[in-house]
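So the structure is just underneath, and the comments pick up after that.
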Amino acid sequence: MKRAGALVAAVLLVLIAVWIRGRLGGDGVKLGGGDPTGTVVCATELARACESLRVEHPEVEIRIEAAGATAQALAGGTAGDFDVWLVPQPYAAVAAELLKTATGPPPLGSASKPIAHSRLAFFVHESRAAAFNAHCGNGPAWGCLLSAVSADSWQSIGGQPTWGRVKPHLADPLETSGLLALGGAAAGVLEAPVDGPTIRDNAQFAGALDSLKRARVLADQPSAGALQRMLAAGPSVADVVVALAAERDRFGDSAASKATLLYPAPVVTAEVVAIPRRGSESASDLVELLTGDAGREALTSTGWSPGAAPAAQRNSPSVGSHIVLRQIWEEIR
């Protein structure tokens with residue numbers, strides 16, 4: 001009995017020593033250790049959520065940049081140092097595709113399951129909503145937006161003569177919402193399968209994208225900035241802003257009521273994932289933070305819906321199609 005008691009006491013001492021070492025931040029098992037540190041690169045659309053996270057976890061460095069810029073830097077081997085990339089799809093998949101042709105070991109690990117999601121929407125100024133809905137007929141769709149921006153004026157699609165032409169805004173495809181919008185437009189007006197050759201070979205669709213880009217206003221603004229300008233200055237600045245529904249959370253009810261929120265068919269959705277940088281000692285702890293309660297709270301408190309999107313809201317074309325769409329957009333002069 002004495003030997004058994006001594007053995008139990010020895011085991012307890014070892015466990016206590018390991019626990020103390022973990023608490024003090026030593027090597028070995030980290031039981032109840034300190035908060036994770038490191039750098040998280042956040043896509044532009046996630047800026048408010050990441051700033052909220054930084055308030056609660058000041059030990060985490062936050063860097064905000066367009067998802068497309070991060071993807072290009074990773075593919076070119078010029079990305080700055082970071083531990084985790086917090087980014088909405090489709091750009092996580094686009095980056096993975098671009099990296100297939102890069103030399104050297106892959107810089108990114110596997111993406112987490114979706115942490116939160118937000119549908120892409122049309123924010124139509126309240127003074128234009130009735131006319132836009134009438135033009136769309138059975139419901140808002142990508143096709144009616146493309147036909148509206150191709151029209152000579154609002155008057156030609158049922159609006160007032162004083163409104164001039166339709167003034168749409170969508171972000172540059174380097175932003176998640178901009179690329180997602182091009183994917184939604186392709187999924188909405190082209191016959192399946194929507195792939196690179198189908199997109200390239202459809203002259204009518206190419207012409208519609210050309211009209212959309214030429215009609216676009218506030219081209220240097222992300223969708224949040226353009227929406228803020230429309231709500232503050234009115235439809236003379238922009239009258240239809242394509243943006244994630246989460247952006248509505250930026251504004252009070254009074255300002256937000258100046259725009260009607262419409263979800264075009266087919267619905268396309270951005271899903272937020274966390275992707276670790278290979279070789280980072282901090283990545284796993286940061287991914288745990290971002291996919292846990294702290295990350296979900298930061299996202300849902302800034303307008304994002306928790307978890308993965310319902311299947312009916314996942315209508316984006318393939319990752320290859322998104323890459324082709326971005327190329328076509330860049331070719332339009």
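Chain lettering (A, B, ...) mirrors the order of the structure tokens, residue numbering begins at 1 for each chain separately, and ligand numbering begins at 1 in order of display.
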
Set the distance at 7 Å and use only C-alpha atoms: which residues neighbour segment 237-243 of chain A once local chain neighbours fewer than 2 positions away are removed? I'd like the list as an MDAnalysis selection string.
chainID A and resid 120:125 166:170 177 217 223 227 230 233:235 245 247

Considering only C-alpha atoms, return as a PyMOL selection string whatever protein or nucleic-acid residues lie within 8 Å of Trp304 of chain A, sequence-local ones (same chain, fewer than 2 positions apart) excluded.
chain A and resi 116-118+246+299-302+306

Tell me which of A:Ala131, A:Leu86, A:Ile64, A:Ala71 sits closest to Ala111 of chain A, counting only C-alpha atoms.
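Ranked by minimum distance to Ala111 of chain A, first place goes to A:Leu86.
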
Which of these, A:Gly307, A:Ala93, A:Val55, A:Arg326, has the shortest distance to Asp293 of chain A once you count only C-alpha atoms?
A:Gly307

Neighbour list for segment 194-201 of chain A as a PDB file with C-alpha atoms, in the first residue's frame, cut-off 7 Å, only C-alpha atoms, skip fewer than 3 positions in-chain:
```
ATOM      1  CA  ALA A 187     -24.388  31.721 -63.038  1.00  0.00           C
ATOM      2  CA  LEU A 190     -25.357  31.529 -68.857  1.00  0.00           C
ATOM      3  CA  GLU A 191     -26.546  28.005 -69.462  1.00  0.00           C
ATOM      4  CA  PRO A 317     -19.515  28.755 -60.651  1.00  0.00           C
ATOM      5  CA  SER A 318     -16.240  26.864 -60.477  1.00  0.00           C
ATOM      6  CA  GLY A 320     -11.659  28.296 -62.793  1.00  0.00           C
ATOM      7  CA  SER A 321     -14.654  30.304 -63.953  1.00  0.00           C
ATOM      8  CA  VAL A 324     -11.537  33.626 -66.204  1.00  0.00           C
TER       9      VAL A 324
END
```

Using only C-alpha atoms, which of A:Val268, A:Leu98, A:Val60, A:Val87 sits nearest Ala47 of chain A?
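Smallest separation from Ala47 of chain A among the options: A:Val87.
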
Determine, counting only C-alpha atoms, which protein, DNA and RNA residues have an atom within 12 Å of an atom of Leu74 of chain A; residues of the same chain fewer than 5 positions away are not included. Present the result as an NGL selection string.
:A and (67-69 or 79-82 or 85 or 91-92 or 94-108 or 277)

Store the residues of this selection in a file with N, CA and C atoms, as a PDB file, in the first residue's frame.
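File produced: again10.pdb:
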```pdb
ATOM      1  N   ALA A  67      -8.609  40.556 -50.747  1.00  0.00           N
ATOM      2  CA  ALA A  67      -8.335  39.126 -50.865  1.00  0.00           C
ATOM      3  C   ALA A  67      -7.556  38.801 -52.129  1.00  0.00           C
ATOM      4  N   GLY A  68      -7.892  39.472 -53.228  1.00  0.00           N
ATOM      5  CA  GLY A  68      -7.195  39.211 -54.479  1.00  0.00           C
ATOM      6  C   GLY A  68      -5.738  39.610 -54.426  1.00  0.00           C
ATOM      7  N   ALA A  69      -5.443  40.677 -53.704  1.00  0.00           N
ATOM      8  CA  ALA A  69      -4.050  41.115 -53.566  1.00  0.00           C
ATOM      9  C   ALA A  69      -3.247  40.077 -52.787  1.00  0.00           C
ATOM     10  N   ALA A  79       4.245  37.438 -50.745  1.00  0.00           N
ATOM     11  CA  ALA A  79       3.346  37.752 -49.622  1.00  0.00           C
ATOM     12  C   ALA A  79       4.146  38.081 -48.377  1.00  0.00           C
ATOM     13  N   GLY A  80       3.703  39.080 -47.642  1.00  0.00           N
ATOM     14  CA  GLY A  80       4.341  39.434 -46.385  1.00  0.00           C
ATOM     15  C   GLY A  80       4.147  38.336 -45.351  1.00  0.00           C
ATOM     16  N   ASP A  81       4.838  38.480 -44.257  1.00  0.00           N
ATOM     17  CA  ASP A  81       4.779  37.465 -43.212  1.00  0.00           C
ATOM     18  C   ASP A  81       3.430  37.517 -42.500  1.00  0.00           C
ATOM     19  N   PHE A  82       2.795  36.369 -42.331  1.00  0.00           N
ATOM     20  CA  PHE A  82       1.566  36.266 -41.543  1.00  0.00           C
ATOM     21  C   PHE A  82       1.407  34.818 -41.119  1.00  0.00           C
ATOM     22  N   TRP A  85      -4.700  33.412 -42.678  1.00  0.00           N
ATOM     23  CA  TRP A  85      -5.454  34.250 -43.612  1.00  0.00           C
ATOM     24  C   TRP A  85      -6.931  34.020 -43.347  1.00  0.00           C
ATOM     25  N   TYR A  91     -12.333  33.387 -52.714  1.00  0.00           N
ATOM     26  CA  TYR A  91     -10.912  33.678 -52.881  1.00  0.00           C
ATOM     27  C   TYR A  91      -9.983  32.654 -52.255  1.00  0.00           C
ATOM     28  N   ALA A  92     -10.433  31.919 -51.236  1.00  0.00           N
ATOM     29  CA  ALA A  92      -9.591  30.850 -50.695  1.00  0.00           C
ATOM     30  C   ALA A  92      -9.332  29.801 -51.775  1.00  0.00           C
ATOM     31  N   VAL A  94      -9.642  30.295 -55.069  1.00  0.00           N
ATOM     32  CA  VAL A  94      -8.878  30.925 -56.150  1.00  0.00           C
ATOM     33  C   VAL A  94      -7.391  30.901 -55.835  1.00  0.00           C
ATOM     34  N   ALA A  95      -7.033  31.237 -54.595  1.00  0.00           N
ATOM     35  CA  ALA A  95      -5.630  31.223 -54.202  1.00  0.00           C
ATOM     36  C   ALA A  95      -5.040  29.817 -54.337  1.00  0.00           C
ATOM     37  N   ALA A  96      -5.803  28.805 -53.897  1.00  0.00           N
ATOM     38  CA  ALA A  96      -5.324  27.425 -54.003  1.00  0.00           C
ATOM     39  C   ALA A  96      -5.077  27.041 -55.454  1.00  0.00           C
ATOM     40  N   GLU A  97      -5.947  27.500 -56.340  1.00  0.00           N
ATOM     41  CA  GLU A  97      -5.782  27.199 -57.767  1.00  0.00           C
ATOM     42  C   GLU A  97      -4.558  27.906 -58.338  1.00  0.00           C
ATOM     43  N   LEU A  98      -4.373  29.168 -57.992  1.00  0.00           N
ATOM     44  CA  LEU A  98      -3.220  29.919 -58.484  1.00  0.00           C
ATOM     45  C   LEU A  98      -1.903  29.311 -57.988  1.00  0.00           C
ATOM     46  N   LEU A  99      -1.933  28.785 -56.775  1.00  0.00           N
ATOM     47  CA  LEU A  99      -0.717  28.230 -56.172  1.00  0.00           C
ATOM     48  C   LEU A  99      -0.300  26.897 -56.786  1.00  0.00           C
ATOM     49  N   LYS A 100      -1.195  26.277 -57.561  1.00  0.00           N
ATOM     50  CA  LYS A 100      -0.841  25.014 -58.201  1.00  0.00           C
ATOM     51  C   LYS A 100       0.310  25.175 -59.188  1.00  0.00           C
ATOM     52  N   THR A 101       0.430  26.359 -59.762  1.00  0.00           N
ATOM     53  CA  THR A 101       1.480  26.595 -60.747  1.00  0.00           C
ATOM     54  C   THR A 101       2.725  27.233 -60.129  1.00  0.00           C
ATOM     55  N   ALA A 102       2.667  27.523 -58.827  1.00  0.00           N
ATOM     56  CA  ALA A 102       3.812  28.152 -58.163  1.00  0.00           C
ATOM     57  C   ALA A 102       4.869  27.092 -57.841  1.00  0.00           C
ATOM     58  N   THR A 103       6.116  27.522 -57.812  1.00  0.00           N
ATOM     59  CA  THR A 103       7.206  26.616 -57.474  1.00  0.00           C
ATOM     60  C   THR A 103       7.442  26.612 -55.964  1.00  0.00           C
ATOM     61  N   GLY A 104       8.081  25.568 -55.495  1.00  0.00           N
ATOM     62  CA  GLY A 104       8.382  25.487 -54.072  1.00  0.00           C
ATOM     63  C   GLY A 104       7.246  24.861 -53.287  1.00  0.00           C
ATOM     64  N   PRO A 105       7.457  24.666 -52.001  1.00  0.00           N
ATOM     65  CA  PRO A 105       6.424  24.053 -51.149  1.00  0.00           C
ATOM     66  C   PRO A 105       5.211  24.966 -51.024  1.00  0.00           C
ATOM     67  N   PRO A 106       4.022  24.397 -50.924  1.00  0.00           N
ATOM     68  CA  PRO A 106       2.812  25.226 -50.798  1.00  0.00           C
ATOM     69  C   PRO A 106       2.852  26.054 -49.520  1.00  0.00           C
ATOM     70  N   PRO A 107       2.540  27.350 -49.602  1.00  0.00           N
ATOM     71  CA  PRO A 107       2.633  28.208 -48.421  1.00  0.00           C
ATOM     72  C   PRO A 107       1.450  28.117 -47.478  1.00  0.00           C
ATOM     73  N   LEU A 108       0.349  27.507 -47.939  1.00  0.00           N
ATOM     74  CA  LEU A 108      -0.864  27.482 -47.124  1.00  0.00           C
ATOM     75  C   LEU A 108      -1.267  26.061 -46.774  1.00  0.00           C
ATOM     76  N   ARG A 277      -0.836  29.451 -42.308  1.00  0.00           N
ATOM     77  CA  ARG A 277       0.406  29.524 -43.076  1.00  0.00           C
ATOM     78  C   ARG A 277       1.288  28.349 -42.651  1.00  0.00           C
TER      79      ARG A 277
END
```

I want to know what sits within 7 Å of Glu59 of chain A, based on only C-alpha atoms, with residues of the same chain fewer than 2 positions away left out; could you give that as a PyMOL selection string?
chain A and resi 37+57+61

If you keep N, CA and C atoms, can you produce a file of those selected residues as a CSV table (one decimal), in the first residue's frame?
```csv
chain,number,residue,atom,x,y,z
A,37,THR,N,-0.6,34.5,-30.1
A,37,THR,CA,-0.1,35.7,-30.7
A,37,THR,C,0.2,35.4,-32.2
A,57,HIS,N,-8.5,40.9,-28.3
A,57,HIS,CA,-7.2,40.2,-28.3
A,57,HIS,C,-6.1,41.1,-28.8
A,61,GLU,N,-1.9,40.6,-34.1
A,61,GLU,CA,-1.7,41.7,-35.0
A,61,GLU,C,-2.6,41.4,-36.2
```

Please compute the atom CA of Thr39 of chain A-atom CA of His322 of chain A distance, one decimal, in Å.
27.9 Å

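The coordinates place atom CA of Ser316 of chain A at 5.6 Å from atom CA of Gly183 of chain A.
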
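Computed from the coordinates, the atom CA of Leu53 of chain A to atom CA of Asp253 of chain A distance equals 24.4 Å.
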